[in-house]
>>> print(open('my_file.txt').read())   # compact mmCIF, C-alpha atoms and all ligand atoms
# COMPACT_ATOMS: atom_id res chain seq x y z
CA MET A 1 0.00 0.00 0.00
CA ALA A 2 1.29 3.45 -0.86
CA VAL A 3 2.59 5.46 2.09
CA ILE A 4 2.97 9.10 1.14
CA ARG A 5 5.65 11.03 3.01
CA ASP A 6 7.29 12.99 0.25
CA VAL A 7 6.68 15.14 -2.83
CA MET A 8 5.75 13.64 -6.18
CA PRO A 9 8.85 12.21 -7.88
CA ALA A 10 10.23 14.53 -10.55
CA PHE A 11 9.87 13.72 -14.26
CA GLN A 12 10.77 15.38 -17.52
CA LEU A 13 7.70 16.89 -19.18
CA TYR A 14 7.55 16.90 -22.97
CA GLN A 15 4.85 18.77 -24.86
CA PRO A 16 5.08 17.71 -28.50
CA THR A 17 3.00 19.47 -31.14
CA SER A 18 2.58 16.56 -33.56
CA VAL A 19 1.63 12.89 -33.31
CA ALA A 20 4.91 11.94 -35.00
CA ASP A 21 6.95 13.80 -32.36
CA ALA A 22 4.93 12.25 -29.55
CA GLN A 23 5.53 8.78 -30.97
CA ARG A 24 9.24 9.49 -31.31
CA LEU A 25 9.40 10.48 -27.65
CA LEU A 26 7.51 7.35 -26.62
CA GLU A 27 9.77 5.11 -28.66
CA GLN A 28 12.91 6.77 -27.28
CA ASN A 29 11.80 6.48 -23.67
CA ARG A 30 9.84 3.22 -23.84
CA GLU A 31 8.91 1.89 -20.33
CA ASP A 32 10.10 5.15 -18.76
CA ALA A 33 7.38 7.21 -20.48
CA LEU A 34 3.77 7.93 -19.57
CA VAL A 35 1.16 9.44 -21.91
CA LEU A 36 -0.80 12.33 -20.40
CA ALA A 37 -4.19 13.37 -21.82
CA GLY A 38 -6.60 15.17 -19.46
CA GLY A 39 -4.66 13.74 -16.50
CA LEU A 40 -7.63 12.58 -14.41
CA ASP A 41 -6.51 8.97 -14.42
CA SER A 42 -2.78 9.34 -15.10
CA MET A 43 -2.15 12.08 -12.51
CA ASP A 44 -3.69 9.86 -9.83
CA TRP A 45 -0.98 7.26 -10.40
CA LEU A 46 1.70 9.94 -10.10
CA LYS A 47 0.21 11.65 -7.05
CA ASP A 48 -0.14 8.29 -5.30
CA ARG A 49 3.57 7.62 -6.05
CA ILE A 50 2.65 4.25 -7.56
CA ARG A 51 3.90 5.00 -11.07
CA LYS A 52 7.15 6.88 -11.32
CA PRO A 53 7.81 7.62 -15.00
CA LYS A 54 10.99 9.48 -15.90
CA VAL A 55 9.24 11.12 -18.84
CA VAL A 56 5.69 12.37 -19.28
CA VAL A 57 4.45 13.03 -22.83
CA ASP A 58 1.63 15.56 -22.67
CA LEU A 59 -0.66 15.39 -25.71
CA SER A 60 -2.46 18.67 -25.01
CA GLY A 61 -0.39 20.70 -27.51
CA ILE A 62 -1.18 18.45 -30.49
CA ALA A 63 -3.82 20.29 -32.53
CA GLU A 64 -4.44 17.33 -34.88
CA LEU A 65 -5.78 15.31 -31.93
CA LYS A 66 -8.46 17.87 -31.09
CA GLY A 67 -11.91 18.67 -32.42
CA ILE A 68 -14.88 17.08 -34.13
CA ARG A 69 -15.38 17.11 -37.88
CA THR A 70 -18.01 15.70 -40.17
CA THR A 71 -16.75 13.26 -42.80
CA ASN A 72 -18.24 11.66 -45.91
CA ASP A 73 -19.48 8.85 -43.71
CA GLY A 74 -20.28 10.27 -40.28
CA ILE A 75 -17.98 12.10 -37.87
CA ALA A 76 -14.42 11.89 -36.59
CA ILE A 77 -13.63 12.92 -33.01
CA GLY A 78 -10.01 13.70 -32.07
CA ALA A 79 -8.81 11.68 -29.08
CA MET A 80 -7.97 14.89 -27.14
CA THR A 81 -11.47 16.35 -27.54
CA THR A 82 -12.96 16.96 -24.11
CA LEU A 83 -16.08 15.16 -22.94
CA THR A 84 -17.82 18.54 -22.58
CA GLU A 85 -17.09 19.34 -26.24
CA VAL A 86 -18.44 15.92 -27.22
CA LEU A 87 -21.70 16.22 -25.31
CA ARG A 88 -22.38 19.76 -26.59
CA HIS A 89 -21.57 19.23 -30.26
CA PRO A 90 -24.63 19.93 -32.45
CA VAL A 91 -24.09 17.01 -34.87
CA ILE A 92 -23.52 14.57 -32.02
CA LEU A 93 -26.65 15.85 -30.29
CA GLU A 94 -28.66 15.62 -33.49
CA LYS A 95 -27.51 12.25 -34.83
CA TYR A 96 -25.45 10.40 -32.24
CA GLY A 97 -27.28 11.40 -29.05
CA LEU A 98 -26.32 8.10 -27.44
CA LEU A 99 -22.72 9.29 -27.11
CA ALA A 100 -23.80 12.72 -25.84
CA GLN A 101 -25.86 11.15 -23.10
CA ALA A 102 -23.11 8.76 -22.06
CA ALA A 103 -20.55 11.59 -21.97
CA GLU A 104 -22.89 13.78 -19.93
CA LEU A 105 -23.19 11.09 -17.26
CA VAL A 106 -19.42 10.83 -16.73
CA ALA A 107 -18.28 12.05 -13.30
CA SER A 108 -18.85 15.81 -12.81
CA PRO A 109 -18.79 18.96 -14.99
CA GLN A 110 -15.23 19.80 -13.91
CA ILE A 111 -14.00 16.32 -14.85
CA ARG A 112 -15.82 16.46 -18.18
CA ASN A 113 -14.23 19.84 -18.94
CA GLN A 114 -10.76 18.36 -18.50
CA GLY A 115 -11.21 14.65 -19.36
CA THR A 116 -10.83 13.65 -22.99
CA LEU A 117 -12.74 11.08 -25.03
CA GLY A 118 -9.49 9.23 -25.78
CA GLY A 119 -8.60 9.15 -22.08
CA ASN A 120 -12.07 8.04 -21.10
CA VAL A 121 -11.91 4.93 -23.26
CA SER A 122 -8.26 4.27 -22.37
CA GLN A 123 -8.53 4.67 -18.59
CA ASP A 124 -7.22 1.98 -16.28
CA ALA A 125 -9.13 -0.28 -13.86
CA ARG A 126 -10.45 1.35 -10.68
CA CYS A 127 -10.09 -1.68 -8.38
CA TRP A 128 -9.28 -0.43 -4.85
CA TYR A 129 -6.37 -2.80 -4.33
CA TYR A 130 -4.71 -2.12 -7.66
CA ARG A 131 -5.09 1.66 -7.34
CA ALA A 132 -3.59 1.52 -3.85
CA GLY A 133 -0.48 -0.22 -5.14
CA TRP A 134 -1.15 -3.77 -3.89
CA PRO A 135 0.95 -6.30 -5.85
CA CYS A 136 -1.98 -8.17 -7.43
CA TYR A 137 -2.17 -10.09 -10.75
CA ARG A 138 -2.87 -6.93 -12.75
CA ALA A 139 0.11 -5.24 -11.14
CA GLY A 140 2.37 -8.18 -12.03
CA GLY A 141 1.94 -10.21 -8.83
CA ASN A 142 0.31 -13.60 -8.29
CA ILE A 143 -2.86 -12.96 -6.28
CA CYS A 144 -6.19 -11.20 -6.67
CA TYR A 145 -7.05 -9.43 -3.41
CA ALA A 146 -10.60 -8.58 -4.57
CA ASP A 147 -11.53 -12.18 -5.34
CA THR A 148 -11.35 -13.54 -1.80
CA PRO A 149 -14.18 -14.21 0.69
CA VAL A 150 -13.44 -10.90 2.40
CA GLY A 151 -12.28 -8.94 -0.65
CA ARG A 152 -14.03 -5.66 -1.43
CA ASN A 153 -15.64 -6.71 -4.68
CA ARG A 154 -19.03 -4.99 -4.78
CA GLU A 155 -18.06 -3.08 -7.96
CA HIS A 156 -16.31 -5.98 -9.65
CA ALA A 157 -16.99 -8.39 -12.54
CA ILE A 158 -19.70 -10.99 -13.03
CA LEU A 159 -18.60 -12.13 -16.48
CA HIS A 160 -15.40 -13.25 -18.24
CA ALA A 161 -13.21 -12.89 -15.14
CA GLU A 162 -9.91 -14.70 -15.33
CA ARG A 163 -7.70 -14.20 -12.28
CA CYS A 164 -8.46 -10.45 -12.33
CA VAL A 165 -12.08 -9.50 -11.51
CA ALA A 166 -11.75 -5.74 -12.11
CA VAL A 167 -14.12 -4.04 -14.56
CA ASN A 168 -13.72 -1.44 -17.26
CA PRO A 169 -15.23 1.77 -15.83
CA SER A 170 -15.81 3.85 -18.98
CA ASP A 171 -19.25 5.30 -19.66
CA THR A 172 -18.55 6.31 -23.26
CA ALA A 173 -17.15 2.90 -24.32
CA PRO A 174 -20.49 1.00 -24.56
CA ALA A 175 -22.11 3.92 -26.41
CA LEU A 176 -19.27 3.88 -28.95
CA ILE A 177 -19.63 0.11 -29.38
CA ALA A 178 -23.38 0.46 -29.93
CA LEU A 179 -22.70 3.17 -32.55
CA ASP A 180 -20.24 0.83 -34.33
CA ALA A 181 -17.39 3.33 -33.89
CA LYS A 182 -13.89 2.69 -35.23
CA PHE A 183 -10.83 3.58 -33.18
CA VAL A 184 -7.83 4.97 -35.09
CA VAL A 185 -4.48 4.08 -33.52
CA ALA A 186 -1.06 5.39 -34.58
CA THR A 187 1.47 2.58 -34.19
CA PRO A 188 5.20 2.52 -34.94
CA LYS A 189 4.26 0.55 -38.11
CA GLY A 190 1.56 2.97 -39.28
CA GLU A 191 -2.11 3.62 -38.72
CA ARG A 192 -4.41 0.85 -37.51
CA VAL A 193 -8.21 1.10 -37.43
CA VAL A 194 -10.11 -1.27 -35.15
CA ASP A 195 -13.76 -1.80 -34.28
CA ALA A 196 -14.63 -0.21 -30.94
CA GLU A 197 -15.22 -3.57 -29.28
CA ASP A 198 -11.79 -4.82 -30.41
CA TYR A 199 -9.96 -1.87 -28.80
CA PHE A 200 -10.54 -3.38 -25.37
CA VAL A 201 -8.60 -6.28 -23.88
CA GLY A 202 -9.61 -8.68 -21.11
CA PRO A 203 -7.35 -10.63 -18.72
CA ASP A 204 -7.59 -13.68 -20.99
CA LEU A 205 -5.48 -11.77 -23.53
CA ASP A 206 -3.33 -9.59 -21.28
CA ILE A 207 -3.97 -9.06 -17.59
CA THR A 208 -1.82 -5.93 -17.41
CA ARG A 209 -3.65 -3.91 -20.08
CA MET A 210 -7.22 -2.72 -20.64
CA ASN A 211 -6.79 -2.03 -24.38
CA ILE A 212 -4.63 -2.78 -27.39
CA LEU A 213 -2.25 0.16 -26.84
CA ARG A 214 1.40 -0.88 -26.60
CA LEU A 215 4.66 1.01 -26.38
CA GLY A 216 4.64 3.86 -28.88
CA TYR A 217 0.93 3.52 -29.71
CA LEU A 218 -1.42 6.51 -29.56
CA LEU A 219 -5.16 6.63 -29.99
CA THR A 220 -5.60 9.49 -32.46
CA SER A 221 -9.32 9.63 -33.24
CA ILE A 222 -12.65 7.85 -33.04
CA ARG A 223 -14.79 7.62 -36.16
CA ILE A 224 -18.53 7.13 -35.95
CA PRO A 225 -20.09 5.97 -39.21
CA ALA A 226 -23.49 7.26 -40.31
CA THR A 227 -24.90 3.71 -40.22
CA TRP A 228 -26.63 4.20 -36.86
CA ALA A 229 -27.26 7.95 -37.06
CA SER A 230 -30.61 8.94 -35.55
CA ALA A 231 -31.52 5.37 -34.58
CA GLN A 232 -33.59 4.79 -31.44
CA PHE A 233 -31.06 5.16 -28.63
CA TYR A 234 -31.11 4.03 -25.00
CA PHE A 235 -28.45 4.73 -22.38
CA GLU A 236 -28.77 4.03 -18.69
CA LYS A 237 -26.15 4.27 -15.97
CA VAL A 238 -26.58 3.07 -12.41
CA ARG A 239 -24.23 4.51 -9.77
CA ASP A 240 -24.16 5.10 -6.03
CA ARG A 241 -24.25 8.91 -6.27
CA ASN A 242 -25.82 10.96 -9.03
CA VAL A 243 -22.68 12.97 -9.68
CA TRP A 244 -18.94 12.34 -9.64
CA ASP A 245 -19.30 8.59 -9.61
CA PHE A 246 -18.23 5.69 -11.76
CA PRO A 247 -20.87 3.29 -13.09
CA LEU A 248 -21.86 0.26 -11.09
CA MET A 249 -23.14 -0.71 -14.51
CA ASN A 250 -24.27 0.95 -17.72
CA VAL A 251 -25.99 -0.14 -20.92
CA ALA A 252 -26.18 1.40 -24.39
CA SER A 253 -28.33 0.33 -27.32
CA ALA A 254 -29.05 1.54 -30.83
CA VAL A 255 -32.18 0.11 -32.42
CA LYS A 256 -33.53 0.39 -35.95
CA LEU A 257 -37.25 -0.17 -36.02
CA SER A 258 -39.50 -1.07 -38.90
CA GLY A 259 -43.01 -0.54 -37.71
CA GLY A 260 -42.81 -2.01 -34.22
CA THR A 261 -40.27 -4.65 -35.24
CA ILE A 262 -36.57 -4.61 -34.36
CA GLN A 263 -34.95 -4.55 -37.78
CA ASP A 264 -31.43 -4.25 -36.38
CA ILE A 265 -29.82 -3.60 -33.01
CA ARG A 266 -26.45 -3.11 -31.32
CA ILE A 267 -26.19 -3.33 -27.55
CA ALA A 268 -23.29 -3.14 -25.11
CA VAL A 269 -22.82 -3.10 -21.33
CA ASN A 270 -19.91 -1.99 -19.20
CA ALA A 271 -18.68 -2.48 -15.63
CA VAL A 272 -19.60 -6.17 -15.77
CA ALA A 273 -16.24 -7.43 -17.07
CA ALA A 274 -12.69 -6.21 -17.66
CA ARG A 275 -13.76 -4.97 -21.08
CA PRO A 276 -17.03 -3.50 -22.28
CA LEU A 277 -19.16 -6.29 -23.70
CA ARG A 278 -21.11 -6.21 -26.92
CA LEU A 279 -24.05 -8.59 -26.43
CA LYS A 280 -24.13 -10.30 -29.82
CA ASN A 281 -26.23 -13.18 -28.54
CA VAL A 282 -28.90 -10.72 -27.41
CA GLU A 283 -28.76 -8.84 -30.72
CA ASP A 284 -29.22 -12.08 -32.67
CA SER A 285 -32.08 -13.23 -30.47
CA VAL A 286 -34.21 -10.09 -30.84
CA ARG A 287 -33.62 -9.12 -34.47
CA GLY A 288 -36.93 -9.49 -36.34
CA LYS A 289 -39.01 -9.49 -33.15
CA ALA A 290 -41.53 -6.92 -31.98
CA ARG A 291 -40.05 -4.33 -29.61
CA THR A 292 -42.13 -5.21 -26.59
CA ALA A 293 -41.66 -5.67 -22.87
CA ALA A 294 -41.75 -9.46 -23.42
CA THR A 295 -38.90 -9.28 -25.95
CA GLY A 296 -36.96 -7.14 -23.50
CA GLU A 297 -37.64 -9.58 -20.68
CA ALA A 298 -36.30 -12.54 -22.68
CA ALA A 299 -33.26 -10.51 -23.78
CA GLY A 300 -32.48 -9.60 -20.16
CA LYS A 301 -32.60 -13.24 -19.10
CA LEU A 302 -30.35 -14.29 -21.96
CA SER A 303 -27.79 -11.57 -21.21
CA VAL A 304 -26.93 -12.92 -17.74
CA GLN A 305 -26.43 -16.52 -18.76
CA GLY A 306 -23.03 -17.63 -17.47
CA ALA A 307 -22.74 -14.73 -15.01
CA VAL A 308 -20.93 -15.68 -11.79
CA PRO A 309 -21.21 -13.34 -8.82
CA LEU A 310 -18.47 -12.70 -6.28
CA GLN A 311 -19.08 -12.46 -2.54
CA PHE A 312 -20.55 -8.95 -2.58
CA ASN A 313 -21.83 -8.25 -6.10
CA ALA A 314 -24.72 -10.68 -6.67
CA TYR A 315 -26.95 -7.60 -7.15
CA LYS A 316 -25.27 -7.09 -10.51
CA ILE A 317 -27.07 -10.06 -12.05
CA PRO A 318 -30.64 -8.71 -11.68
CA LEU A 319 -29.26 -5.25 -12.44
CA MET A 320 -27.85 -6.37 -15.78
CA ARG A 321 -31.01 -8.33 -16.57
CA ASN A 322 -33.13 -5.24 -16.02
CA LEU A 323 -30.86 -2.80 -17.83
CA VAL A 324 -30.75 -5.04 -20.89
CA LYS A 325 -34.51 -5.58 -20.66
CA ARG A 326 -35.10 -1.82 -20.84
CA ALA A 327 -32.45 -1.20 -23.49
CA VAL A 328 -34.06 -3.79 -25.76
CA GLY A 329 -37.76 -3.47 -24.89
CA GLY A 330 -37.64 0.30 -24.46
CA VAL A 331 -38.93 2.55 -21.70
CA GLU A 332 -40.86 5.53 -22.99
CA GLU A 333 -39.91 8.08 -20.33
CA ALA A 334 -36.25 7.10 -19.96
CA SER A 335 -35.31 6.43 -23.56
CA TRP A 336 -32.94 8.72 -25.41
CA ALA A 337 -34.17 8.97 -28.96
CA SER A 338 -32.65 11.63 -31.18
C1 LIG B 401 -13.30 11.30 -9.40
C2 LIG B 401 -13.41 10.73 -10.78
C3 LIG B 401 -14.65 10.26 -11.18
C4 LIG B 401 -14.78 9.71 -12.46
N1 LIG B 401 -16.00 9.22 -12.85
C5 LIG B 401 -16.14 8.67 -14.07
C6 LIG B 401 -17.38 8.17 -14.52
O1 LIG B 401 -18.39 8.26 -13.83
N2 LIG B 401 -17.45 7.59 -15.74
C7 LIG B 401 -16.36 7.50 -16.55
O2 LIG B 401 -16.48 7.00 -17.66
N3 LIG B 401 -15.17 7.98 -16.18
C8 LIG B 401 -15.03 8.57 -14.97
N4 LIG B 401 -13.82 9.09 -14.60
C9 LIG B 401 -12.71 9.02 -15.56
C10 LIG B 401 -12.51 10.38 -16.23
O3 LIG B 401 -13.72 10.81 -16.70
C11 LIG B 401 -11.55 10.39 -17.43
O4 LIG B 401 -12.21 10.03 -18.59
C12 LIG B 401 -10.46 9.46 -17.34
O5 LIG B 401 -9.87 9.61 -16.07
C13 LIG B 401 -9.35 9.65 -18.36
O6 LIG B 401 -9.43 10.78 -19.16
P1 LIG B 401 -8.23 11.79 -19.27
O7 LIG B 401 -8.43 12.60 -20.51
O8 LIG B 401 -8.08 12.55 -18.01
O9 LIG B 401 -6.99 10.84 -19.56
P2 LIG B 401 -5.66 10.54 -18.72
O10 LIG B 401 -5.96 10.32 -17.31
O11 LIG B 401 -4.61 11.54 -19.02
O12 LIG B 401 -5.26 9.16 -19.44
C14 LIG B 401 -5.91 7.96 -19.11
C15 LIG B 401 -5.07 6.79 -19.64
O13 LIG B 401 -5.18 6.70 -21.03
C16 LIG B 401 -3.92 6.93 -21.66
N5 LIG B 401 -4.22 7.79 -22.80
C17 LIG B 401 -5.04 8.87 -22.78
N6 LIG B 401 -5.18 9.37 -24.02
C18 LIG B 401 -4.43 8.59 -24.83
C19 LIG B 401 -4.18 8.60 -26.23
N7 LIG B 401 -4.73 9.51 -27.04
N8 LIG B 401 -3.38 7.64 -26.73
C20 LIG B 401 -2.81 6.72 -25.92
N9 LIG B 401 -3.02 6.65 -24.59
C21 LIG B 401 -3.83 7.59 -24.05
C22 LIG B 401 -3.02 7.56 -20.59
O14 LIG B 401 -1.68 7.22 -20.76
C23 LIG B 401 -3.60 6.94 -19.33
O15 LIG B 401 -3.07 5.65 -19.15
C24 LIG B 401 -13.65 9.66 -13.34
C25 LIG B 401 -12.42 10.15 -12.92
C26 LIG B 401 -12.29 10.68 -11.65
C27 LIG B 401 -10.94 11.20 -11.24
S1 LIG B 402 -9.48 -7.47 -9.33
FE1 LIG B 402 -7.70 -7.29 -10.66
S2 LIG B 402 -6.94 -5.27 -10.17
FE2 LIG B 402 -8.22 -5.89 -8.42
S3 LIG B 402 -6.92 -6.97 -6.95
FE3 LIG B 402 -7.75 -8.51 -8.33
S4 LIG B 402 -6.16 -8.73 -9.92
FE4 LIG B 402 -5.82 -6.76 -8.89
>>> encode(input="my_file.txt", output="structure tokens")
Amino acid sequence: MAVIRDVMPAFQLYQPTSVADAQRLLEQNREDALVLAGGLDSMDWLKDRIRKPKVVVDLSGIAELKGIRTTNDGIAIGAMTTLTEVLRHPVILEKYGLLAQAAELVASPQIRNQGTLGGNVSQDARCWYYRAGWPCYRAGGNICYADTPVGRNREHAILHAERCVAVNPSDTAPALIALDAKFVVATPKGERVVDAEDYFVGPDLDITRMNILRLGYLLTSIRIPATWASAQFYFEKVRDRNVWDFPLMNVASAVKLSGGTIQDIRIAVNAVAARPLRLKNVEDSVRGKARTAATGEAAGKLSVQGAVPLQFNAYKIPLMRNLVKRAVGGVEEASWAS
């Protein structure tokens, strides 16, 4: 556990003005470097003296990483665009309201003013033990402190846990998956574009990372295609406090209706596993069915198949069942339709 008796360890701060320069700095300094976006996650590690990078590469001076522009096929959002800019943007509000609502429910206004979309989807796990510097699996050790009979695991995973039971805490991630967003990553070998759901990594692939970023990689932008523009959207987040709090769970869906029938659907949940989960089995089961409470009910039941609760988070199973039920079946007063 971190014991703080001193000042934050010194580091060299670099403020590059291009992605190429930032990558060069990351490649030169390798494990000694830390990428800084809005700083809400990364500064915590520094202030707690748990990570002690020699070099910090601040992306805030890179103009090409900022802003939202319309493209031939939707919109592109720079990774360093703040959450406030995202949730206020007229095109996002008009066509991709799902993302605006998710961004608006992140933390508090101050955090949204400073936190970036790229940082929000790239943030690290919030497990108490890990954040306090305990040498658990995710930190390179050989134990999970949360997954014990007395571990504090109320916020932890009910699905796809493998040694680590921490969850991905991002609110915008499931909305981006439901909108079929593509993440653009600058790698030392050139640009790579991945589906939103493939950006995230679970402990089965790599227990020390939450996403595909490796040394020298930068998330540069997120593209949202027009495919799901102005669909019927639903976003719901459940948290302990109504402001400044991470999700206990959230759900995002985009539904295309033909008459009352679900013609197509994308649905994702977060804070149930180490990566946000797209629920393909639910999508397949409800396509072509009437959008009714009964369809939602069946979808909710299907979504929790295989879920395994820990000592203190059994409530997450009915919670997920009900969130999915509403995201599929629809709730008139709570739905977010643009
Ligand atoms: C008190 C508090 C409450 C919060 N509540 C919520 C909440 O309710 N919901 C929610 O979703 N989030 C919440 N957050 C997270 C917050 O909203 C930020 O989104 C998040 O901390 C990271 O955004 P950032 O821009 O500050 O990135 P940083 O903290 O600077 O970076 C986060 C991580 O991503 C990496 N990174 C960032 N950008 C890039 C990039 N372009 N390329 C490569 N790597 C990158 C950094 O190296 C770092 O590892 C909360 C944070 C705090 C402190
Ligand atoms: S849940 Fe993951 S991050 Fe938390 S103590 Fe266990 S291994 Fe570490």
>>> residues_near_point(input="my_file.txt", point="(-19.0, -11.4, -16.9)", cutoff="12 Å", atoms="all atoms listed in the file", output="PyMOL selection string")
chain A and resi 156-162+164-168+202-203+249+269-279+303-310+313-314+316-317+320
>>> residues_near_ligand(input="my_file.txt", ligand="ligand LIG 402 (chain B)", cutoff="6 Å", atoms="only C-alpha atoms and all ligand atoms", output="list in words")
Cys127, Tyr129, Tyr130, Cys136, Tyr137, Arg138, Cys144, Tyr145, Ala146, Cys164, Val165 and Ala166 of chain A
>>> residues_around(input="my_file.txt", residues="Ser122 in chain A", least_positions_apart="4", cutoff="12 Å", atoms="only C-alpha atoms", output="PyMOL selection string")
chain A and resi 35-42+79-80+115-118+168-173+183+185+196+199-201+209-214+217-220+275-276
>>> closest_residue(input="my_file.txt", among="A:Lys66, A:Leu26, A:Ala293, A:Tyr234", to="Gly260 in chain A", atoms="all atoms listed in the file")
A:Ala293
>>> residues_around(input="my_file.txt", residues="Ala181 in chain A", least_positions_apart="6", cutoff="10 Å", atoms="all atoms listed in the file", output="PDB file with C-alpha atoms, in the frame of the given file")
ATOM      1  CA  GLY A  74     -20.280  10.270 -40.280  1.00  0.00           C
ATOM      2  CA  ILE A  75     -17.980  12.100 -37.870  1.00  0.00           C
ATOM      3  CA  ALA A  76     -14.420  11.890 -36.590  1.00  0.00           C
ATOM      4  CA  ALA A 173     -17.150   2.900 -24.320  1.00  0.00           C
ATOM      5  CA  ALA A 175     -22.110   3.920 -26.410  1.00  0.00           C
ATOM      6  CA  VAL A 194     -10.110  -1.270 -35.150  1.00  0.00           C
ATOM      7  CA  ASP A 195     -13.760  -1.800 -34.280  1.00  0.00           C
ATOM      8  CA  ALA A 196     -14.630  -0.210 -30.940  1.00  0.00           C
ATOM      9  CA  GLU A 197     -15.220  -3.570 -29.280  1.00  0.00           C
ATOM     10  CA  ILE A 222     -12.650   7.850 -33.040  1.00  0.00           C
ATOM     11  CA  ARG A 223     -14.790   7.620 -36.160  1.00  0.00           C
ATOM     12  CA  ILE A 224     -18.530   7.130 -35.950  1.00  0.00           C
ATOM     13  CA  PRO A 225     -20.090   5.970 -39.210  1.00  0.00           C
ATOM     14  CA  ALA A 226     -23.490   7.260 -40.310  1.00  0.00           C
ATOM     15  CA  THR A 227     -24.900   3.710 -40.220  1.00  0.00           C
ATOM     16  CA  TRP A 228     -26.630   4.200 -36.860  1.00  0.00           C
TER      17      TRP A 228
END
